[in-house]
Number of protein chains: 2
Amino acid sequence: MGTTPSAVFNKVTLIGAGLIGSSLALAIRRAGLAGEVAIHDASAQVLAEVVELGLADQVFSDLGAAVADADLVVLATPLGSFGPLAQRMAPALKAGAILSDTGSVKGCVIRDVGPFVPEGVHFIPSHPVAGTEQSGPRAGFAELFDGHWCILTPVAGTDAGALSRLTEFWRGCGSEVELMEARHHDLVLAITSHVPHLIAYNIVGTADDLQTVAEGEVIKYSAGGFRDFTRIAASDPTMWRDVFLNNREAVLEMLGRFTEDLNVLQRAIRWGDGDTLFNLFTRTRAIRRSIVSAGQESAEANFGRNRKTPS
Amino acid sequence: MGTTPSAVFNKVTLIGAGLIGSSLALAIRRAGLAGEVAIHDASAQVLAEVVELGLADQVFSDLGAAVADADLVVLATPLGSFGPLAQRMAPALKAGAILSDTGSVKGCVIRDVGPFVPEGVHFIPSHPVAGTEQSGPRAGFAELFDGHWCILTPVAGTDAGALSRLTEFWRGCGSEVELMEARHHDLVLAITSHVPHLIAYNIVGTADDLQTVAEGEVIKYSAGGFRDFTRIAASDPTMWRDVFLNNREAVLEMLGRFTEDLNVLQRAIRWGDGDTLFNLFTRTRAIRRSIVSAGQESAEANFGRNRKTPS
């Protein structure tokens with residue numbers, strides 16, 4: 001297959017066909033960003049679904065064969081698999097190829113993948129900040145990245161031409177692109193993504209453990225606020241286990257601040273200090289307006305759930 | 001104005017025209033549940049908006065005049081205002097009228113309103129478990145209550161006929177109706193609504209306080225999970241201050257459990273205990289499926305945000 005005029009790469013190989021990998025395949029096709037797309041997945045069942053859905057031009061159960069001719073290889077599997085995958089694919093990578101990823105933590109990617117990158121291969125970590133609570137190849141859709149940010153954390157000495165092509169690639173997928181130092185990325189994402197997921201998982205677990213309140217009641221009255229948390233608490237367990245194990249320092253730092261602040265609110269409730277509560281609740285209202293203004297959130301009430309009845 | 005065949009009450013008076021009051025007015029009209037709807041609000045500006053939007057047949061700045069002929073009076077203001085409102089309206093309430101409310105805590109309503117209810121008036125607290133993050137008369141819509149639960153917490157000796165008419169009224173507004181003891185209601189809502197709001201307000205505050213991470217970064221990368229929390233952290237500050245001040249015991253109890261569980265997760269992260277994380281994350285995924293199955297949540301990824309581009 002030949003490249004189209006908009007193609008950035010001749011061949012792109014995606015490692016992993018979950019929500020992110022399958023969405024990437026669809027976004028690449030939508031914009032004609034690659035001459036051909038190959039997909040490798042360790043699961044035969046996932047590969048069969050990839051074939052059924054027609055997500056790729058080529059599918060490979062063999063990792064080395066999948067990456068052999070690729071101009072861009074993107075790791076889109078849970079973070080814990082990156083080191084072993086990099087080690088296994090290294091001998092098959094083409095000179096001049098770009099190796100990237102979609103992991104939610106970047107320091108650990110540089111630590112785990114970096115040592116295996118062969119001379120002549122351009123290693124540029126990336127993180128598209130987008131997702132849903134659904135998993136697997138059927139969950140993918142071409143618009144996932146549209147209007148959201150993709151953060152690249154190039155290491156020192158990264159080739160400018162390779163960085164430019166990868167930037168063009170992510171823009172073609174619909175993302176806006178930002179460069180950042182890996183350590184700062186991991187701190188920013190700890191508060192905007194990792195700790196929010198942790199406390200969502202936690203409160204859903206707390207509710208599930210209650211014996212004084214029946215499980216049916218938690219479900220029935222969830223529209224009071226609880227149901228919002230269940231969305232991100234339904235995210236992929238393996239992916240999120242690996243995020244927490246690999247961004248320990250930043251998550252513990254942000255979690256410490258969260259708990260400290262929660263203690264202040266708890267004390268305000270105990271002592272009937274309404275002003276402390278009111279002042280915080282007024283301040284937080286403004287933050288949402290900023291997120292809506294920045295185009296990162298729907299302005300519709302209830303996330304637009306009320307477009308359907310019942311919501 | 002005469003009653004329609006579907007009318008449950010001749011005249012309904014709503015006290016407060018915020019999100020809930022204005023939605024009630026529209027739901028009543030949609031189903032023809034009342035011969036006429038009167039609205040009182042302490043704010044002249046809100047009353048002017050009520051007139052402009054055509055939400056009521058009559059608007060009153062005088063509380064006594066508003067409730068004088070009403071067969072049903074519904075308090076739809078912040079909880080802290082209930083006691084004084086009940087005291088002021090008591091002399092004007094008609095014998096045989098039903099006095100109800102939409103407050104999110106029920107023990108305090110019985111404590112604050114109960115003593116002022118005149119002989120011959122039927123006092124039946126209610127709580128429609130539905131809402132959005134928006135406030136004021138323009139935020140209302142007739143479908144708000146559709147498919148969600150309204151919990152009634154009748155006190156001992158409540159008139160069966162009055163309870164039956166109020167049940168019919170809420171069903172007409174689109175709600176499903178459940179009876180519950182006030183104390184149990186307050187415990188159930190502490191975990192399904194009050195503590196979720198508190199931790200959402202809290203994490204948005206924590207993020208806003210960060211100096212190592214710029215505010216612009218918190219906004220830009222909010223699609224990683226944070227933005228979900230900003231929705232309920234944008235809820236009405238006065239309403240929520242009053243909820244926490246009036247459901248102290250149950251909120252502190254549930255918050256204690258939440259913090260205890262969070263400490264376990266924090267320790268798992270610190271010590272690299274992936275199994276504890278994975279097991280919780282797998283268990284919580286199932287809860288969301290139950291909420292979707294129960295018709296209390298959209299089955300669409302990302303709350304259906306992705307129906308629009310960019311989401």
# chains A, B, ... in the order shown; residues from 1 in each chain; ligands from 1
$ select_by_dssp --residues "segment 141-222 of chain B" --states "helix (DSSP H, G or I)" --output "PyMOL selection string"
chain B and resi 160-172+182-209+215-220+222
$ write_last_selection --atoms "C-alpha atoms" --output "short mmCIF file (atom, residue, chain, number, x, y, z; two decimals), in the first residue's frame"
data_model
loop_
_atom_site.label_atom_id
_atom_site.label_comp_id
_atom_site.auth_asym_id
_atom_site.auth_seq_id
_atom_site.Cartn_x
_atom_site.Cartn_y
_atom_site.Cartn_z
CA ALA B 160 -52.67 7.81 54.80
CA GLY B 161 -54.71 9.87 52.34
CA ALA B 162 -52.23 12.74 52.37
CA LEU B 163 -49.32 10.32 51.90
CA SER B 164 -51.12 8.74 48.98
CA ARG B 165 -51.73 12.11 47.28
CA LEU B 166 -48.11 13.21 47.75
CA THR B 167 -46.93 9.89 46.32
CA GLU B 168 -49.18 10.38 43.31
CA PHE B 169 -47.78 13.90 42.90
CA TRP B 170 -44.14 12.78 42.81
CA ARG B 171 -44.95 9.94 40.44
CA GLY B 172 -46.62 12.49 38.21
CA ALA B 182 -35.49 9.70 58.25
CA ARG B 183 -32.45 8.44 60.14
CA HIS B 184 -31.78 5.71 57.59
CA HIS B 185 -32.27 8.17 54.73
CA ASP B 186 -29.59 10.42 56.16
CA LEU B 187 -27.12 7.53 56.41
CA VAL B 188 -27.82 6.32 52.85
CA LEU B 189 -27.48 9.79 51.38
CA ALA B 190 -24.29 10.45 53.36
CA ILE B 191 -22.53 7.77 51.31
CA THR B 192 -24.34 8.14 47.98
CA SER B 193 -24.34 11.93 47.85
CA HIS B 194 -22.90 13.95 50.72
CA VAL B 195 -19.43 12.39 51.09
CA PRO B 196 -18.99 12.21 47.28
CA HIS B 197 -19.69 15.95 47.13
CA LEU B 198 -17.30 16.64 49.99
CA ILE B 199 -14.37 14.79 48.42
CA ALA B 200 -15.07 16.37 45.04
CA TYR B 201 -15.03 19.85 46.57
CA ASN B 202 -11.89 18.85 48.45
CA ILE B 203 -9.81 17.60 45.53
CA VAL B 204 -10.72 20.59 43.41
CA GLY B 205 -9.55 22.80 46.28
CA THR B 206 -6.32 20.80 46.69
CA ALA B 207 -5.55 21.16 42.97
CA ASP B 208 -6.31 24.87 43.06
CA ASP B 209 -3.86 25.37 45.93
CA GLU B 215 -3.46 26.36 37.44
CA GLY B 216 -3.41 26.36 33.65
CA GLU B 217 -1.98 22.85 33.73
CA VAL B 218 -4.73 21.61 36.04
CA ILE B 219 -7.28 22.95 33.55
CA LYS B 220 -5.56 21.73 30.37
CA SER B 222 -8.28 17.80 33.38
#
$ select_by_dssp --residues "segment 46-284 of chain B" --states "strand (DSSP E)" --output "PyMOL selection string"
chain B and resi 58-60+72-75+98-101+122-123+126-128+149-152+176-179
$ write_last_selection --atoms "N, CA and C atoms" --output "CSV table (one decimal), in the first residue's frame"
chain,number,residue,atom,x,y,z
B,58,GLN,N,-49.0,32.3,39.5
B,58,GLN,CA,-48.9,33.4,40.4
B,58,GLN,C,-47.6,33.5,41.0
B,59,VAL,N,-47.0,34.7,41.2
B,59,VAL,CA,-45.8,34.8,42.0
B,59,VAL,C,-46.1,35.8,43.2
B,60,PHE,N,-45.4,35.5,44.3
B,60,PHE,CA,-45.7,36.2,45.5
B,60,PHE,C,-44.3,36.6,46.2
B,72,LEU,N,-50.9,22.1,48.5
B,72,LEU,CA,-49.6,21.5,48.7
B,72,LEU,C,-48.6,22.6,48.7
B,73,VAL,N,-47.7,22.7,49.8
B,73,VAL,CA,-46.6,23.7,49.9
B,73,VAL,C,-45.3,22.9,49.9
B,74,VAL,N,-44.4,23.2,49.0
B,74,VAL,CA,-43.1,22.5,48.9
B,74,VAL,C,-42.0,23.5,49.2
B,75,LEU,N,-41.2,23.2,50.2
B,75,LEU,CA,-40.0,24.0,50.5
B,75,LEU,C,-38.9,23.6,49.6
B,98,ILE,N,-51.0,19.9,52.6
B,98,ILE,CA,-49.8,19.1,52.9
B,98,ILE,C,-48.6,20.1,52.8
B,99,LEU,N,-47.7,19.9,53.8
B,99,LEU,CA,-46.5,20.7,53.8
B,99,LEU,C,-45.3,19.7,53.5
B,100,SER,N,-44.6,19.9,52.4
B,100,SER,CA,-43.5,19.0,52.1
B,100,SER,C,-42.2,19.8,51.8
B,101,ASP,N,-41.2,19.2,51.4
B,101,ASP,CA,-39.9,19.9,51.1
B,101,ASP,C,-39.1,19.0,50.1
B,122,HIS,N,-50.8,18.4,57.1
B,122,HIS,CA,-50.1,17.2,57.0
B,122,HIS,C,-48.6,17.5,56.6
B,123,PHE,N,-47.7,17.1,57.5
B,123,PHE,CA,-46.3,17.4,57.2
B,123,PHE,C,-45.6,16.1,56.8
B,126,SER,N,-40.0,15.1,52.0
B,126,SER,CA,-39.6,14.4,50.8
B,126,SER,C,-38.2,14.8,50.2
B,127,HIS,N,-37.6,13.9,49.5
B,127,HIS,CA,-36.3,14.2,48.9
B,127,HIS,C,-36.2,13.6,47.5
B,128,PRO,N,-36.4,14.4,46.5
B,128,PRO,CA,-36.1,13.8,45.1
B,128,PRO,C,-34.6,13.8,44.9
B,149,TRP,N,-35.4,8.5,42.0
B,149,TRP,CA,-36.1,8.2,43.1
B,149,TRP,C,-36.4,9.4,44.0
B,150,CYS,N,-37.7,9.4,44.5
B,150,CYS,CA,-38.0,10.4,45.5
B,150,CYS,C,-38.3,9.7,46.8
B,151,ILE,N,-37.6,10.0,47.9
B,151,ILE,CA,-37.7,9.3,49.1
B,151,ILE,C,-38.6,10.2,50.1
B,152,LEU,N,-39.7,9.6,50.6
B,152,LEU,CA,-40.5,10.2,51.5
B,152,LEU,C,-40.2,9.6,52.9
B,176,GLU,N,-39.8,7.8,40.9
B,176,GLU,CA,-40.3,6.6,41.5
B,176,GLU,C,-40.2,6.9,43.0
B,177,VAL,N,-41.2,6.4,43.8
B,177,VAL,CA,-41.3,6.8,45.2
B,177,VAL,C,-41.0,5.7,46.2
B,178,GLU,N,-40.2,6.0,47.2
B,178,GLU,CA,-39.8,5.0,48.2
B,178,GLU,C,-40.1,5.7,49.6
B,179,LEU,N,-40.5,4.9,50.5
B,179,LEU,CA,-40.7,5.4,51.9
B,179,LEU,C,-39.5,4.9,52.7
$ residues_around --residues "Glu36 of chain B" --least-positions-apart "5" --cutoff "12 Å" --atoms "only C-alpha atoms" --output "ChimeraX atom specification"
/B:1-4,7-14,25-26,28-29,55-59,66,69-72
$ atom_distance --atom1 "atom CA of Ser61 of chain A" --atom2 "atom CA of Asp41 of chain A"
6.3 Å
$ atom_distance --atom1 "atom CA of Ile269 of chain B" --atom2 "atom CA of Arg248 of chain A"
6.3 Å
$ closest_residue --among "A:Asn302, A:Ser23, A:Ser175, A:Thr153" --to "chain B" --atoms "only C-alpha atoms"
A:Asn302
$ residues_around --residues "Asp275 of chain B" --least-positions-apart "6" --cutoff "12 Å" --atoms "only C-alpha atoms" --output "PDB file with N, CA and C atoms, in the first residue's frame"
ATOM      1  N   PRO A 237      -8.411  -2.142  35.358  1.00  0.00           N
ATOM      2  CA  PRO A 237      -7.675  -2.425  36.597  1.00  0.00           C
ATOM      3  C   PRO A 237      -6.167  -2.624  36.409  1.00  0.00           C
ATOM      4  N   THR A 238      -5.761  -3.303  35.353  1.00  0.00           N
ATOM      5  CA  THR A 238      -4.325  -3.561  35.155  1.00  0.00           C
ATOM      6  C   THR A 238      -3.589  -2.264  34.837  1.00  0.00           C
ATOM      7  N   TRP A 240      -4.391   0.726  35.660  1.00  0.00           N
ATOM      8  CA  TRP A 240      -4.333   1.635  36.806  1.00  0.00           C
ATOM      9  C   TRP A 240      -3.473   1.104  37.941  1.00  0.00           C
ATOM     10  N   ARG A 241      -3.442  -0.209  38.130  1.00  0.00           N
ATOM     11  CA  ARG A 241      -2.488  -0.771  39.095  1.00  0.00           C
ATOM     12  C   ARG A 241      -1.076  -0.324  38.711  1.00  0.00           C
ATOM     13  N   ASP A 242      -0.759  -0.462  37.429  1.00  0.00           N
ATOM     14  CA  ASP A 242       0.588  -0.122  36.975  1.00  0.00           C
ATOM     15  C   ASP A 242       0.883   1.378  37.104  1.00  0.00           C
ATOM     16  N   PHE A 244      -0.214   3.386  39.497  1.00  0.00           N
ATOM     17  CA  PHE A 244       0.091   3.693  40.905  1.00  0.00           C
ATOM     18  C   PHE A 244       1.430   3.105  41.336  1.00  0.00           C
ATOM     19  N   LEU A 245       1.758   1.912  40.834  1.00  0.00           N
ATOM     20  CA  LEU A 245       3.039   1.303  41.198  1.00  0.00           C
ATOM     21  C   LEU A 245       4.207   2.074  40.590  1.00  0.00           C
TER      22      LEU A 245
ATOM     23  N   LEU B 265      -5.074   1.972  50.816  1.00  0.00           N
ATOM     24  CA  LEU B 265      -4.574   2.126  49.443  1.00  0.00           C
ATOM     25  C   LEU B 265      -3.228   2.852  49.421  1.00  0.00           C
ATOM     26  N   ALA B 268      -0.621   0.467  50.299  1.00  0.00           N
ATOM     27  CA  ALA B 268      -0.394  -0.475  49.184  1.00  0.00           C
ATOM     28  C   ALA B 268       0.503   0.169  48.128  1.00  0.00           C
ATOM     29  N   ILE B 269       0.273   1.448  47.856  1.00  0.00           N
ATOM     30  CA  ILE B 269       1.116   2.139  46.874  1.00  0.00           C
ATOM     31  C   ILE B 269       2.540   2.268  47.407  1.00  0.00           C
ATOM     32  N   PHE B 281      -9.800  -2.502  42.229  1.00  0.00           N
ATOM     33  CA  PHE B 281     -10.155  -1.899  40.942  1.00  0.00           C
ATOM     34  C   PHE B 281     -11.065  -2.817  40.125  1.00  0.00           C
ATOM     35  N   THR B 282     -10.920  -4.121  40.339  1.00  0.00           N
ATOM     36  CA  THR B 282     -11.764  -5.080  39.627  1.00  0.00           C
ATOM     37  C   THR B 282     -13.174  -5.100  40.231  1.00  0.00           C
TER      38      THR B 282
END
